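Undergrad: Here it is: the structure, laid out below.
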Amino acid sequence: KIIYQRSVPEQKGEDLHDTYRRLFAEKRSREQAYGSTIIGPHRDDLLFLINGRPAKAYASQGEHKTFVIALKLGEFQHLEQQRDQAPILLFDDIFGELDAGRIEEMLNQLSDIGQVFVTTTSRNFFDKISHFKHTTHYYAVQNGTIDYQTETPENRGMQGA
């Protein structure tokens, strides 16, 4: 379940636009002192519940990452349907807390949907899986040098990175 949480409480008898206008006026000097906005829709949040409990507090790090990945894949499908074109996906360091089964499933799903960029500080997640059957292309950055490499299922694990 997903619950939208406003940062600005709804005021009875007051239009949301008027509520924001009033609060902006009230908080202006404080916002100027902080150098950033205190209120606004950018401060709203989504509360994700798993079995009625907040995922943020009760899910393991691996479950939390899996949940975020599933949300991103849902967003991908929605955008693809709306625009009739596959968006480019970017995942930043998503494999750190995942077990081998989840990593392998994730890579197999990603390899079938279009152009995907995955950043990681370590390539050792490939050591955890043995059945990933797709060719990967990657840029390895070491000591200020960028090296482009291609890895096939046949030569996976034979290259050092």
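Residue numbering restarts at 1 in every chain; chains get A, B, ... in the order shown in the structure tokens, and ligands count up from 1 in that same order.
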Sorted by chain and rising residue number, which residues of segment 69-156 of chain A lie within 12 Å of segment 51-60 of chain A, and what are their closest atom pairs and distances in Å to one decimal, counting only C-alpha atoms, as a tab-separated table?

TA:
```
residue	atom	partner	partner_atom	distance
A:Glu97	CA	A:Ser60	CA	9.0
A:Leu98	CA	A:Ser60	CA	10.2
A:Asp99	CA	A:Ser60	CA	12.0
```

Undergrad: Selected residues, C-alpha atoms, written as a short mmCIF file (atom, residue, chain, number, x, y, z; two decimals), in the first residue's frame, please.

TA:
```cif
data_model
loop_
_atom_site.label_atom_id
_atom_site.label_comp_id
_atom_site.auth_asym_id
_atom_site.auth_seq_id
_atom_site.Cartn_x
_atom_site.Cartn_y
_atom_site.Cartn_z
CA GLU A 97 22.44 -5.52 0.01
CA LEU A 98 20.91 -8.10 -2.33
CA ASP A 99 21.49 -11.84 -2.19
#
```

Undergrad: Out of chain A, which residues get alpha helix (DSSP H) from DSSP, as number ranges by chain?

TA: A: 16-34, 55-58, 61-83, 100-111

Undergrad: Please, could you write that set of residues out with C-alpha atoms as a PDB file, in the first residue's frame?

TA:
```
ATOM      1  CA  LEU A  16      -4.586  24.511  -1.089  1.00  0.00           C
ATOM      2  CA  HIS A  17      -3.218  27.400  -3.154  1.00  0.00           C
ATOM      3  CA  ASP A  18      -4.259  29.836  -0.420  1.00  0.00           C
ATOM      4  CA  THR A  19      -2.742  27.585   2.257  1.00  0.00           C
ATOM      5  CA  TYR A  20       0.606  27.581   0.482  1.00  0.00           C
ATOM      6  CA  ARG A  21       0.476  31.333  -0.073  1.00  0.00           C
ATOM      7  CA  ARG A  22      -0.237  31.932   3.636  1.00  0.00           C
ATOM      8  CA  LEU A  23       2.488  29.535   4.809  1.00  0.00           C
ATOM      9  CA  PHE A  24       5.061  30.938   2.379  1.00  0.00           C
ATOM     10  CA  ALA A  25       4.403  34.404   3.811  1.00  0.00           C
ATOM     11  CA  GLU A  26       4.651  33.106   7.400  1.00  0.00           C
ATOM     12  CA  LYS A  27       7.891  31.162   6.813  1.00  0.00           C
ATOM     13  CA  ARG A  28       9.643  33.591   4.453  1.00  0.00           C
ATOM     14  CA  SER A  29      12.134  35.048   6.958  1.00  0.00           C
ATOM     15  CA  ARG A  30      12.983  31.597   8.335  1.00  0.00           C
ATOM     16  CA  GLU A  31      13.506  30.234   4.823  1.00  0.00           C
ATOM     17  CA  GLN A  32      15.763  33.156   3.972  1.00  0.00           C
ATOM     18  CA  ALA A  33      17.799  32.497   7.117  1.00  0.00           C
ATOM     19  CA  TYR A  34      18.125  28.777   6.220  1.00  0.00           C
ATOM     20  CA  ALA A  55       8.735  -0.376   4.890  1.00  0.00           C
ATOM     21  CA  LYS A  56      11.227   2.301   5.923  1.00  0.00           C
ATOM     22  CA  ALA A  57      11.205   1.098   9.544  1.00  0.00           C
ATOM     23  CA  TYR A  58      10.557  -2.646   9.265  1.00  0.00           C
ATOM     24  CA  GLN A  61      18.001  -3.263   3.635  1.00  0.00           C
ATOM     25  CA  GLY A  62      17.715  -5.952   0.956  1.00  0.00           C
ATOM     26  CA  GLU A  63      13.904  -5.832   1.077  1.00  0.00           C
ATOM     27  CA  HIS A  64      13.991  -2.046   0.964  1.00  0.00           C
ATOM     28  CA  LYS A  65      16.230  -2.054  -2.117  1.00  0.00           C
ATOM     29  CA  THR A  66      14.058  -4.704  -3.778  1.00  0.00           C
ATOM     30  CA  PHE A  67      10.993  -2.563  -3.089  1.00  0.00           C
ATOM     31  CA  VAL A  68      12.640   0.541  -4.576  1.00  0.00           C
ATOM     32  CA  ILE A  69      13.736  -1.453  -7.635  1.00  0.00           C
ATOM     33  CA  ALA A  70      10.191  -2.753  -8.129  1.00  0.00           C
ATOM     34  CA  LEU A  71       8.885   0.813  -7.862  1.00  0.00           C
ATOM     35  CA  LYS A  72      11.416   1.989 -10.483  1.00  0.00           C
ATOM     36  CA  LEU A  73      10.448  -0.857 -12.817  1.00  0.00           C
ATOM     37  CA  GLY A  74       6.784   0.089 -12.416  1.00  0.00           C
ATOM     38  CA  GLU A  75       7.686   3.686 -13.221  1.00  0.00           C
ATOM     39  CA  PHE A  76       9.602   2.449 -16.278  1.00  0.00           C
ATOM     40  CA  GLN A  77       6.574   0.505 -17.546  1.00  0.00           C
ATOM     41  CA  HIS A  78       4.276   3.474 -16.983  1.00  0.00           C
ATOM     42  CA  LEU A  79       6.574   5.871 -18.864  1.00  0.00           C
ATOM     43  CA  GLU A  80       7.055   3.369 -21.672  1.00  0.00           C
ATOM     44  CA  GLN A  81       3.282   3.042 -22.113  1.00  0.00           C
ATOM     45  CA  GLN A  82       2.678   6.794 -21.910  1.00  0.00           C
ATOM     46  CA  ARG A  83       5.388   7.740 -24.412  1.00  0.00           C
ATOM     47  CA  ALA A 100      22.623 -13.819  -5.252  1.00  0.00           C
ATOM     48  CA  GLY A 101      19.098 -14.877  -6.237  1.00  0.00           C
ATOM     49  CA  ARG A 102      17.770 -11.327  -6.222  1.00  0.00           C
ATOM     50  CA  ILE A 103      20.807 -10.003  -8.092  1.00  0.00           C
ATOM     51  CA  GLU A 104      20.420 -12.622 -10.797  1.00  0.00           C
ATOM     52  CA  GLU A 105      16.670 -12.042 -11.140  1.00  0.00           C
ATOM     53  CA  MET A 106      17.219  -8.299 -11.271  1.00  0.00           C
ATOM     54  CA  LEU A 107      19.906  -8.545 -13.958  1.00  0.00           C
ATOM     55  CA  ASN A 108      17.763 -10.880 -16.054  1.00  0.00           C
ATOM     56  CA  GLN A 109      14.797  -8.491 -15.884  1.00  0.00           C
ATOM     57  CA  LEU A 110      16.936  -5.452 -16.670  1.00  0.00           C
ATOM     58  CA  SER A 111      18.629  -7.116 -19.632  1.00  0.00           C
TER      59      SER A 111
END
```

Undergrad: Within 8 Å of Thr119 of chain A, counting only C-alpha atoms, which residues qualify if same-chain residues fewer than 5 places away don't, as a ChimeraX atom specification?

TA: /A:90-94

Undergrad: Between A:Ile39, A:Ile113, A:Ala86, A:Val118, which one has atoms that come closest to Ser7 of chain A, using only C-alpha atoms?

TA: A:Ile39

Undergrad: Pick out the closest residue to Ile88 of chain A from this set: A:Asp112, A:Gln5, A:Ile38, A:Phe117. Count only C-alpha atoms.

TA: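 When distances to Ile88 of chain A are compared using only C-alpha atoms, the smallest one comes from A:Phe117.
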
Undergrad: Go through A:Gln85, A:Thr121, A:Asn155, A:Thr37 one by one, measure the shortest atom-to-atom distance of each to Tyr139 of chain A using only C-alpha atoms, and give the residue with the smallest value.

TA: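 Going through A:Gln85, A:Thr121, A:Asn155, A:Thr37 one by one, the smallest distance to Tyr139 of chain A is for A:Thr121.
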
Undergrad: I need the strand (DSSP E or B) residues of segment 18-115 of chain A per DSSP on the backbone, written as a list in words.

TA: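 Residues meeting the strand (DSSP E or B) criterion: Asp45, Leu46, Leu47, Phe48, Leu49, Ile50, Arg53, Pro54, Leu89, Leu90, Phe91 and Asp92 of chain A.
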
Undergrad: So what do you get for atom CA of Thr136 of chain A versus atom CA of Asn124 of chain A, distance-wise?

TA: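 It comes out at 14.0 Å.
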
Undergrad: Between atom CA of His137 of chain A and atom CA of Gln149 of chain A, what is the spacing in Å?

TA: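 Rounded to one decimal, the two atoms are 5.8 Å apart.
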
Undergrad: In Å, how far is it from atom CA of Asp84 of chain A to atom CA of Phe132 of chain A?

TA: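 These two atoms are separated by 28.5 Å.
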